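Novice: query-v2.cif is reproduced in full below (mmCIF, C-alpha atoms).
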```cif
data_start
#
loop_
_atom_site.label_atom_id
_atom_site.label_comp_id
_atom_site.auth_asym_id
_atom_site.auth_seq_id
_atom_site.Cartn_x
_atom_site.Cartn_y
_atom_site.Cartn_z
CA MET D 187 15.30 5.21 4.27
CA ASN D 188 12.92 4.62 1.44
CA PHE D 189 14.13 6.47 -1.63
CA SER D 190 10.80 6.44 -3.49
CA VAL D 191 8.99 8.01 -0.53
CA PHE D 192 11.71 10.66 -0.38
CA LEU D 193 11.25 11.51 -4.05
CA VAL D 194 7.46 11.74 -3.78
CA SER D 195 7.46 13.97 -0.70
CA TYR D 196 10.22 16.24 -2.04
CA PHE D 197 8.39 16.70 -5.33
CA THR D 198 5.11 17.48 -3.54
CA TRP D 199 6.94 20.00 -1.36
CA MET D 200 8.40 21.69 -4.42
CA ILE D 201 5.00 21.98 -6.10
CA LEU D 202 3.42 23.43 -2.98
CA THR D 203 6.17 25.99 -2.28
CA SER D 204 8.44 26.88 -5.20
CA PHE D 205 10.99 25.38 -7.58
CA THR D 206 13.55 28.18 -7.37
CA ASP D 207 13.76 29.48 -3.78
CA VAL D 208 16.97 28.02 -2.25
CA LYS D 209 15.80 28.24 1.38
CA GLU D 210 12.59 26.36 0.63
CA LEU D 211 14.51 23.68 -1.27
CA ILE D 212 16.94 23.10 1.63
CA VAL D 213 14.18 22.93 4.27
CA GLY D 214 12.15 20.64 2.02
CA PHE D 215 15.13 18.35 1.56
CA PHE D 216 15.51 17.79 5.30
CA VAL D 217 11.78 17.48 5.95
CA SER D 218 11.42 14.83 3.21
CA LEU D 219 14.51 13.02 4.55
CA VAL D 220 13.04 12.83 8.06
CA ILE D 221 9.65 11.72 6.72
CA SER D 222 11.15 8.99 4.56
CA ILE D 223 13.15 7.64 7.54
CA VAL D 224 10.41 7.82 10.16
CA MET D 225 7.50 6.64 8.01
CA LYS D 226 9.50 3.85 6.37
CA LYS D 227 7.29 0.94 7.28
CA TYR D 228 3.96 2.61 6.57
CA TYR D 229 4.52 3.28 2.88
CA ARG D 230 4.75 0.79 0.08
CA ILE D 231 5.53 3.16 -2.75
CA LYS D 232 8.14 1.55 -5.00
CA PHE D 233 9.39 2.77 -8.34
CA ASP D 234 10.60 0.13 -10.76
CA VAL D 235 12.07 0.23 -14.24
CA LYS D 236 8.68 0.37 -15.96
CA PHE D 237 7.54 3.44 -14.02
CA PRO D 238 8.04 6.03 -16.83
CA ILE D 239 6.09 3.83 -19.27
CA ARG D 240 3.27 3.64 -16.74
CA VAL D 241 3.17 7.40 -16.32
CA ILE D 242 3.03 7.87 -20.08
CA LYS D 243 0.26 5.28 -20.38
CA PHE D 244 -1.62 6.91 -17.51
CA VAL D 245 -1.47 10.40 -19.00
CA PHE D 246 -2.04 9.59 -22.67
CA VAL D 247 -4.33 6.55 -22.57
CA TYR D 248 -6.20 6.62 -19.27
CA LEU D 249 -6.80 10.34 -18.74
CA PRO D 250 -8.43 11.16 -22.13
CA VAL D 251 -10.83 8.21 -21.85
CA PHE D 252 -11.58 9.13 -18.25
CA ILE D 253 -12.28 12.80 -18.98
CA TRP D 254 -14.47 11.95 -21.96
CA GLU D 255 -16.50 9.47 -19.88
CA MET D 256 -16.83 12.07 -17.13
CA ILE D 257 -18.21 14.70 -19.47
CA LYS D 258 -20.69 12.15 -20.83
CA ALA D 259 -21.66 11.23 -17.27
CA ASN D 260 -22.34 14.84 -16.41
CA PHE D 261 -24.56 15.47 -19.38
CA ASP D 262 -26.41 12.27 -18.46
CA VAL D 263 -26.90 13.58 -14.91
CA ALA D 264 -27.94 16.99 -16.23
CA PHE D 265 -30.55 15.35 -18.46
CA ARG D 266 -31.93 13.30 -15.59
CA VAL D 267 -32.03 16.18 -13.12
CA LEU D 268 -33.57 18.72 -15.48
CA SER D 269 -36.28 16.53 -17.02
CA PRO D 270 -39.58 16.97 -15.14
CA SER D 271 -40.41 13.27 -14.70
CA LEU D 272 -37.04 12.10 -13.22
CA PRO D 273 -36.34 9.06 -15.45
CA ILE D 274 -34.61 6.74 -12.97
CA ASN D 275 -34.72 2.97 -12.53
CA PRO D 276 -32.16 2.28 -9.81
CA GLY D 277 -30.80 -0.96 -8.40
CA PHE D 278 -27.84 -2.53 -6.64
CA VAL D 279 -25.72 -4.86 -8.78
CA LYS D 280 -22.42 -6.64 -8.34
CA ILE D 281 -19.62 -7.26 -10.81
CA LYS D 282 -16.44 -9.27 -10.67
CA THR D 283 -13.04 -7.83 -11.50
CA ASN D 284 -9.72 -9.40 -12.52
CA LEU D 285 -7.52 -6.71 -11.00
CA LYS D 286 -5.35 -7.88 -8.12
CA LYS D 287 -3.55 -4.93 -6.54
CA ASP D 288 -5.22 -2.56 -4.08
CA SER D 289 -4.18 0.59 -5.92
CA SER D 290 -5.66 -0.59 -9.21
CA LYS D 291 -8.89 -1.56 -7.47
CA LEU D 292 -9.07 1.92 -5.94
CA ALA D 293 -8.57 3.50 -9.36
CA LEU D 294 -11.24 1.24 -10.88
CA ALA D 295 -13.73 2.09 -8.11
CA ASN D 296 -13.09 5.81 -8.52
CA SER D 297 -13.46 5.58 -12.29
CA ILE D 298 -16.73 3.70 -11.94
CA THR D 299 -18.05 6.30 -9.51
CA LEU D 300 -17.35 9.11 -11.94
CA THR D 301 -18.73 7.45 -15.09
CA PRO D 302 -22.36 7.55 -16.26
CA GLY D 303 -24.97 6.44 -13.76
CA THR D 304 -22.93 4.25 -11.43
CA LEU D 305 -21.69 4.61 -7.85
CA THR D 306 -19.40 2.11 -6.12
CA LEU D 307 -20.67 1.09 -2.70
CA ASP D 308 -18.21 -1.52 -1.53
CA VAL D 309 -15.21 -3.53 -2.65
CA LYS D 310 -14.82 -7.03 -1.23
CA GLU D 311 -12.00 -9.29 -2.50
CA ASP D 312 -12.69 -9.32 -6.25
CA THR D 313 -16.32 -8.20 -6.18
CA LEU D 314 -17.52 -4.64 -6.61
CA PHE D 315 -20.98 -3.62 -5.40
CA ILE D 316 -22.49 -0.85 -7.46
CA HIS D 317 -25.56 1.35 -7.31
CA TRP D 318 -26.77 1.77 -10.89
CA ILE D 319 -29.18 4.58 -11.62
CA SER D 320 -30.87 2.86 -14.58
CA VAL D 321 -30.52 -0.92 -14.58
CA LYS D 322 -30.50 -2.18 -18.17
CA THR D 323 -29.42 -5.79 -17.88
CA LEU D 324 -28.69 -8.42 -15.24
CA ASP D 325 -26.48 -10.70 -17.36
CA GLU D 326 -22.96 -11.15 -15.85
CA GLU D 327 -20.94 -10.42 -18.98
CA GLU D 328 -23.15 -7.61 -20.23
CA LYS D 329 -23.04 -5.85 -16.86
CA LYS D 330 -19.28 -6.05 -16.71
CA LYS D 331 -18.90 -4.69 -20.21
CA LYS D 332 -21.37 -1.86 -19.67
CA ILE D 333 -20.04 -0.67 -16.29
CA GLY D 334 -16.29 -1.05 -16.22
CA GLY D 335 -15.21 -2.65 -19.47
CA ILE D 336 -12.81 -0.09 -20.92
CA PHE D 337 -11.29 0.99 -17.62
CA GLU D 338 -10.44 -2.50 -16.52
CA LYS D 339 -8.47 -3.14 -19.69
CA ILE D 340 -6.61 0.18 -19.48
CA LEU D 341 -5.87 -0.05 -15.76
CA LYS D 342 -4.47 -3.52 -16.20
CA GLY D 343 -1.83 -2.04 -18.46
CA VAL D 344 -1.15 0.91 -16.18
CA PHE D 345 -0.91 -0.60 -12.73
CA GLU D 346 -0.08 -4.29 -13.12
CA MET O 226 -6.14 31.62 -22.90
CA ILE O 227 -7.91 34.02 -20.55
CA THR O 228 -11.17 33.71 -22.48
CA VAL O 229 -10.95 29.91 -22.32
CA GLY O 230 -10.33 30.16 -18.58
CA TYR O 231 -13.37 32.34 -17.96
CA PHE O 232 -15.49 30.07 -20.15
CA LEU O 233 -14.40 27.06 -18.07
CA ILE O 234 -15.28 28.91 -14.86
CA ALA O 235 -18.81 29.68 -16.08
CA PHE O 236 -19.23 26.08 -17.29
CA GLY O 237 -18.18 24.77 -13.87
CA ALA O 238 -20.57 27.14 -12.10
CA PHE O 239 -23.42 25.67 -14.16
CA PHE O 240 -22.49 22.16 -12.98
CA TYR O 241 -22.33 23.35 -9.37
CA PHE O 242 -25.89 24.59 -9.86
CA LEU O 243 -26.92 21.20 -11.29
CA GLY O 244 -25.30 19.41 -8.35
CA GLY O 245 -27.37 21.43 -5.89
CA LEU O 246 -30.53 20.84 -7.92
CA GLY O 247 -29.81 17.10 -8.07
CA ILE O 248 -29.32 16.97 -4.31
CA LEU O 249 -32.71 18.62 -3.89
CA ARG O 250 -34.75 16.70 -6.49
CA MET O 251 -33.62 13.07 -6.34
CA PRO O 252 -35.79 10.70 -4.29
CA ASP O 253 -33.35 8.84 -2.01
CA VAL O 254 -29.86 9.18 -0.59
CA TYR O 255 -28.09 6.96 -3.16
CA ASN O 256 -29.45 8.85 -6.16
CA ARG O 257 -28.68 12.13 -4.43
CA LEU O 258 -25.08 11.05 -3.99
CA GLN O 259 -24.89 10.07 -7.67
CA ALA O 260 -26.05 13.46 -8.88
CA GLY O 261 -24.13 15.44 -6.27
CA THR O 262 -20.78 13.72 -6.64
CA LYS O 263 -20.58 13.62 -10.43
CA ALA O 264 -21.75 17.14 -11.08
CA THR O 265 -19.62 18.79 -8.41
CA THR O 266 -16.49 16.84 -9.36
CA LEU O 267 -16.59 17.99 -12.98
CA GLY O 268 -17.58 21.47 -11.80
CA SER O 269 -14.53 21.66 -9.54
CA PHE O 270 -12.20 20.41 -12.27
CA SER O 271 -13.53 23.01 -14.64
CA VAL O 272 -13.49 25.97 -12.23
CA ILE O 273 -10.04 25.23 -10.80
CA LEU O 274 -8.49 24.59 -14.22
CA GLY O 275 -10.09 27.82 -15.41
CA VAL O 276 -8.52 29.78 -12.55
CA GLY O 277 -5.17 28.20 -13.39
CA LEU O 278 -5.49 29.22 -17.04
CA VAL O 279 -6.48 32.81 -16.30
CA ASN O 280 -3.53 33.35 -13.96
CA LEU O 281 -0.70 31.03 -14.97
CA ASP O 282 1.12 31.49 -11.63
CA TYR O 283 -1.61 29.50 -9.93
CA LEU O 284 -1.48 26.58 -12.37
CA PRO O 285 0.79 24.08 -10.47
CA LYS O 286 -1.10 24.44 -7.22
CA ALA O 287 -4.42 24.28 -9.06
CA LEU O 288 -3.35 20.97 -10.62
CA VAL O 289 -2.48 19.63 -7.15
CA ILE O 290 -5.95 20.60 -5.87
CA ILE O 291 -7.57 18.92 -8.92
CA ALA O 292 -5.66 15.67 -8.33
CA PHE O 293 -6.62 15.81 -4.69
CA ILE O 294 -10.33 16.29 -5.41
CA ALA O 295 -10.26 13.52 -8.01
CA LEU O 296 -8.87 11.15 -5.39
CA THR O 297 -10.99 12.07 -2.38
CA ASN O 298 -14.44 13.01 -3.64
CA PRO O 299 -15.49 9.59 -5.04
CA VAL O 300 -14.04 7.84 -1.99
CA GLY O 301 -16.02 10.09 0.35
CA SER O 302 -19.34 9.51 -1.42
CA SER O 303 -18.64 5.78 -1.65
CA VAL O 304 -18.01 5.55 2.10
CA LEU O 305 -21.16 7.52 2.78
CA ALA O 306 -23.31 5.31 0.51
CA ARG O 307 -21.95 2.18 2.14
CA ALA O 308 -22.57 3.58 5.63
CA SER O 309 -26.16 4.48 4.83
CA TYR O 310 -26.78 1.03 3.36
CA LEU O 311 -25.35 -0.72 6.40
CA LYS O 312 -27.34 1.56 8.68
CA GLY O 313 -30.47 0.27 6.95
CA ILE O 314 -31.76 3.29 5.08
CA LYS O 315 -34.36 2.07 2.60
CA PRO O 316 -33.81 2.88 -1.08
CA THR O 317 -36.71 4.37 -3.02
CA ASP O 318 -39.65 2.18 -4.12
CA LYS O 319 -38.55 2.35 -7.75
CA THR O 320 -35.50 0.18 -6.93
CA LYS O 321 -35.76 -3.07 -8.88
CA VAL O 322 -32.87 -5.34 -7.91
CA ASP O 323 -30.67 -5.66 -4.84
CA GLU O 324 -27.67 -7.98 -5.16
CA TYR O 325 -25.87 -6.40 -2.21
CA LYS O 326 -28.32 -7.94 0.29
CA GLY O 327 -27.19 -7.74 3.88
CA GLY O 328 -23.93 -6.04 3.07
CA ASP O 329 -20.76 -7.67 4.34
CA GLU O 330 -21.24 -9.78 7.44
CA LYS O 331 -18.94 -8.65 10.19
CA MET I 144 -14.38 40.22 -16.28
CA SER I 145 -17.11 41.17 -13.85
CA VAL I 146 -19.77 39.47 -16.00
CA VAL I 147 -18.29 36.08 -15.19
CA ASN I 148 -18.24 37.00 -11.51
CA TYR I 149 -21.97 37.72 -11.62
CA ILE I 150 -22.75 34.49 -13.51
CA TYR I 151 -20.58 32.45 -11.15
CA PHE I 152 -21.96 33.83 -7.93
CA ILE I 153 -25.61 33.67 -9.05
CA LEU I 154 -25.37 30.03 -10.20
CA VAL I 155 -23.30 28.90 -7.20
CA GLY I 156 -25.62 30.82 -4.88
CA PHE I 157 -28.56 28.78 -6.14
CA GLY I 158 -26.57 25.55 -5.81
CA VAL I 159 -25.66 26.38 -2.20
CA LEU I 160 -29.28 27.36 -1.48
CA PHE I 161 -30.55 23.97 -2.74
CA SER I 162 -27.96 22.11 -0.69
CA PHE I 163 -28.97 24.08 2.40
CA LEU I 164 -32.63 23.24 1.78
CA ARG I 165 -31.69 19.56 1.68
CA ILE I 166 -29.73 19.93 4.91
CA LEU I 167 -32.82 21.46 6.54
CA LEU I 168 -35.39 19.06 5.00
CA GLY I 169 -33.41 15.82 4.72
CA PRO I 170 -35.44 12.98 6.26
CA THR I 171 -32.40 11.03 7.49
CA SER I 172 -28.99 12.07 8.75
CA ALA I 173 -27.31 10.42 5.74
CA ASP I 174 -29.15 12.86 3.46
CA ARG I 175 -27.82 15.75 5.48
CA VAL I 176 -24.25 14.47 5.31
CA ALA I 177 -24.60 13.94 1.54
CA ALA I 178 -25.74 17.54 1.10
CA LEU I 179 -22.90 18.73 3.35
CA ASP I 180 -20.39 16.80 1.25
CA THR I 181 -21.65 18.44 -1.93
CA LEU I 182 -21.59 21.84 -0.23
CA ASN I 183 -17.98 21.35 0.84
CA VAL I 184 -16.82 20.61 -2.70
CA VAL I 185 -18.68 23.64 -4.02
CA LEU I 186 -17.05 25.80 -1.36
CA THR I 187 -13.58 24.45 -2.21
CA GLY I 188 -14.06 25.52 -5.82
CA THR I 189 -15.42 28.88 -4.71
CA ILE I 190 -12.40 29.57 -2.50
CA VAL I 191 -10.14 28.86 -5.48
CA PHE I 192 -12.20 31.31 -7.53
CA LEU I 193 -11.82 33.92 -4.77
CA ALA I 194 -8.06 33.72 -5.29
CA LEU I 195 -8.73 35.12 -8.74
CA VAL I 196 -11.26 37.73 -7.60
CA PHE I 197 -9.05 39.17 -4.85
CA ASN I 198 -5.83 38.46 -6.78
CA ASN I 199 -4.22 36.72 -3.79
CA GLY I 200 -2.49 33.35 -4.10
CA LEU I 201 -2.90 32.45 -0.43
CA TYR I 202 -6.50 31.39 -1.06
CA LEU I 203 -5.21 28.32 -2.94
CA ASP I 204 -3.54 27.03 0.23
CA ILE I 205 -6.74 27.67 2.16
CA ALA I 206 -8.71 25.70 -0.45
CA LEU I 207 -6.28 22.78 -0.22
CA VAL I 208 -6.55 22.55 3.57
CA TYR I 209 -10.32 23.05 3.47
CA GLY I 210 -10.72 20.21 0.98
CA LEU I 211 -8.56 17.93 3.10
CA LEU I 212 -10.53 18.64 6.27
CA SER I 213 -13.90 18.27 4.53
CA PHE I 214 -12.90 14.85 3.21
CA ILE I 215 -11.85 13.71 6.68
CA GLU I 216 -15.08 15.09 8.10
CA THR I 217 -17.20 13.11 5.61
CA VAL I 218 -15.34 9.88 6.29
CA VAL I 219 -15.47 10.26 10.07
CA ILE I 220 -19.20 11.06 10.15
CA SER I 221 -19.88 8.10 7.82
CA ARG I 222 -17.99 5.69 10.05
CA PHE I 223 -19.93 7.04 13.01
CA LEU I 224 -23.30 6.55 11.26
CA GLU I 225 -22.31 3.05 10.20
CA GLY I 226 -21.55 1.94 13.75
CA LYS I 227 -24.84 3.23 15.13
CA LYS I 228 -27.52 0.82 13.92
#
```
Please rewrite the model in this file as structure tokens.
Specialist:
Amino acid sequence: MNFSVFLVSYFTWMILTSFTDVKELIVGFFVSLVISIVMKKYYRIKFDVKFPIRVIKFVFVYLPVFIWEMIKANFDVAFRVLSPSLPINPGFVKIKTNLKKDSSKLALANSITLTPGTLTLDVKEDTLFIHWISVKTLDEEEKKKKIGGIFEKILKGVFE
Amino acid sequence: MITVGYFLIAFGAFFYFLGGLGILRMPDVYNRLQAGTKATTLGSFSVILGVGLVNLDYLPKALVIIAFIALTNPVGSSVLARASYLKGIKPTDKTKVDEYKGGDEK
Amino acid sequence: MSVVNYIYFILVGFGVLFSFLRILLGPTSADRVAALDTLNVVLTGTIVFLALVFNNGLYLDIALVYGLLSFIETVVISRFLEGKK
């Protein structure tokens, strides 16, 4: 039995049903127990000592930056869609990343998709392929800084 | 609280409208995905959070739905963009550079 | 707050209309799937809003399952398009 999987599924069950109903809590306990025994080898969720620090970093450092970038991205899209001449200059570019783990790469790709003017197409080893709606520069360093600079630094602290 | 919730709902509805307009106006499938995904993701966040704020009983489940949309929506559009590139759909003529050439060789 | 209901349904109605036009017009099948993806997210949000309009919490569960199925649908159709050169 994998204790971390048990915790995650029990918590999700409690959010989806209720925190106070005794019957639901008992049923949820057994369901999560069975899931954590049967699905043992498919999950690699592991909590370590630094987990609370990561959650705090995620909520108080990553989320505000992410939401701010998303609002900026949406006003950018609104400006492009509503202006009569459609000011776009698209292109496919690639950037390199230093992140190693799969989960952090997923988070980086999602963040890039939701920030201004970029859409992740593919992730291969340590290279991200990106569709950029208005290509400004083709220089390696500049691209990296413009597209994923802040997120890479923050995610390194959160996930690795 | 309730006023803020209703304001967020109206704000989100505006971004849903922009997402539809972007899907209609942009010239090729990649730009359409850009406009559609971004606008509808923020719209969903805003509407669902607004519903959670107006009726506080719904808040936990609303937060679960928000987390779920934040995880799946970008992945879905990314998979779709990759599939249409590998299928060989031409980007619009305005496209300047293409460093993804050929995609990943299988 | 019926004013917000009117604003919401008018704006979302136009958004859904535009997405439907793209599904009808779309030159390639990828365009149609992109429009369908957008439409699914809009509908998920709208189902959550219906929970408020009808004052019934069950709609939240429906929205959760609908969102899950729409995501799987997008991914499966994309994989299918990718295989067919």
Novice: Skip Phe237 of chain D itself and residues of its chain fewer than 6 positions away, then list as a list in words all residues within 10 Å of it, counting all atoms listed in the file.
Specialist: Lys243, Val344 and Phe345 of chain D
Novice: Could you work out which residues of chain O fall inside 9 Å of chain I? Count all atoms listed in the file, and format the result as a PyMOL selection string.
Specialist: chain O and resi 231-232+234-249+253-255+257-258+261-262+265-266+268-270+272-273+275-276+279-280+282-283+286-287+289-290+293-294+297-298+300-302+304-314
Novice: Return the single residue from D:Lys282, D:His317, D:Lys331, D:Lys236 that is closest to chain O, with distances computed using only C-alpha atoms.
Specialist: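 Of the candidates, the smallest distance to chain O is held by D:His317.
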Novice: To test your reading of the syntax: which residues would the PyMOL selection byres ((chain D) within 8 of (chain O)) return for the file shown? Reply as a PDB file with C-alpha atoms, in the coordinates of the input.
Specialist:
```
ATOM      1  CA  ILE D 201       5.000  21.980  -6.100  1.00  0.00           C
ATOM      2  CA  LEU D 202       3.420  23.430  -2.980  1.00  0.00           C
ATOM      3  CA  MET D 256     -16.830  12.070 -17.130  1.00  0.00           C
ATOM      4  CA  ILE D 257     -18.210  14.700 -19.470  1.00  0.00           C
ATOM      5  CA  ALA D 259     -21.660  11.230 -17.270  1.00  0.00           C
ATOM      6  CA  ASN D 260     -22.340  14.840 -16.410  1.00  0.00           C
ATOM      7  CA  VAL D 263     -26.900  13.580 -14.910  1.00  0.00           C
ATOM      8  CA  ALA D 264     -27.940  16.990 -16.230  1.00  0.00           C
ATOM      9  CA  VAL D 267     -32.030  16.180 -13.120  1.00  0.00           C
ATOM     10  CA  LEU D 272     -37.040  12.100 -13.220  1.00  0.00           C
ATOM     11  CA  ILE D 274     -34.610   6.740 -12.970  1.00  0.00           C
ATOM     12  CA  ASN D 275     -34.720   2.970 -12.530  1.00  0.00           C
ATOM     13  CA  PRO D 276     -32.160   2.280  -9.810  1.00  0.00           C
ATOM     14  CA  GLY D 277     -30.800  -0.960  -8.400  1.00  0.00           C
ATOM     15  CA  PHE D 278     -27.840  -2.530  -6.640  1.00  0.00           C
ATOM     16  CA  VAL D 279     -25.720  -4.860  -8.780  1.00  0.00           C
ATOM     17  CA  LYS D 280     -22.420  -6.640  -8.340  1.00  0.00           C
ATOM     18  CA  ASN D 296     -13.090   5.810  -8.520  1.00  0.00           C
ATOM     19  CA  THR D 299     -18.050   6.300  -9.510  1.00  0.00           C
ATOM     20  CA  LEU D 300     -17.350   9.110 -11.940  1.00  0.00           C
ATOM     21  CA  THR D 301     -18.730   7.450 -15.090  1.00  0.00           C
ATOM     22  CA  GLY D 303     -24.970   6.440 -13.760  1.00  0.00           C
ATOM     23  CA  THR D 304     -22.930   4.250 -11.430  1.00  0.00           C
ATOM     24  CA  LEU D 305     -21.690   4.610  -7.850  1.00  0.00           C
ATOM     25  CA  THR D 306     -19.400   2.110  -6.120  1.00  0.00           C
ATOM     26  CA  LEU D 307     -20.670   1.090  -2.700  1.00  0.00           C
ATOM     27  CA  ASP D 308     -18.210  -1.520  -1.530  1.00  0.00           C
ATOM     28  CA  PHE D 315     -20.980  -3.620  -5.400  1.00  0.00           C
ATOM     29  CA  HIS D 317     -25.560   1.350  -7.310  1.00  0.00           C
ATOM     30  CA  ILE D 319     -29.180   4.580 -11.620  1.00  0.00           C
TER      31      ILE D 319
END
```
Novice: Using all atoms listed in the file, which residue out of D:Ser289, D:Thr203, D:Asn188, D:Ser320 lies closest to chain I?
Specialist: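 Looking at the shortest contact to chain I, the residue is D:Thr203.
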Novice: Find the spatial neighbours of Ile223 of chain D, counting only C-alpha atoms, within a cut-off of 10 Å - ignore same-chain residues fewer than 2 positions away - and output them as a list in words.
Specialist: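 Result of the neighbour search: Met187, Asn188, Phe189, Val191, Phe192, Ser218, Leu219, Val220, Ile221, Met225, Lys226 and Lys227 of chain D.
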Novice: Write out the residues from the selection above, keeping C-alpha atoms, as a PDB file, in the coordinates of the input.
Specialist:
```pdb
ATOM      1  CA  MET D 187      15.300   5.210   4.270  1.00  0.00           C
ATOM      2  CA  ASN D 188      12.920   4.620   1.440  1.00  0.00           C
ATOM      3  CA  PHE D 189      14.130   6.470  -1.630  1.00  0.00           C
ATOM      4  CA  VAL D 191       8.990   8.010  -0.530  1.00  0.00           C
ATOM      5  CA  PHE D 192      11.710  10.660  -0.380  1.00  0.00           C
ATOM      6  CA  SER D 218      11.420  14.830   3.210  1.00  0.00           C
ATOM      7  CA  LEU D 219      14.510  13.020   4.550  1.00  0.00           C
ATOM      8  CA  VAL D 220      13.040  12.830   8.060  1.00  0.00           C
ATOM      9  CA  ILE D 221       9.650  11.720   6.720  1.00  0.00           C
ATOM     10  CA  MET D 225       7.500   6.640   8.010  1.00  0.00           C
ATOM     11  CA  LYS D 226       9.500   3.850   6.370  1.00  0.00           C
ATOM     12  CA  LYS D 227       7.290   0.940   7.280  1.00  0.00           C
TER      13      LYS D 227
END
```
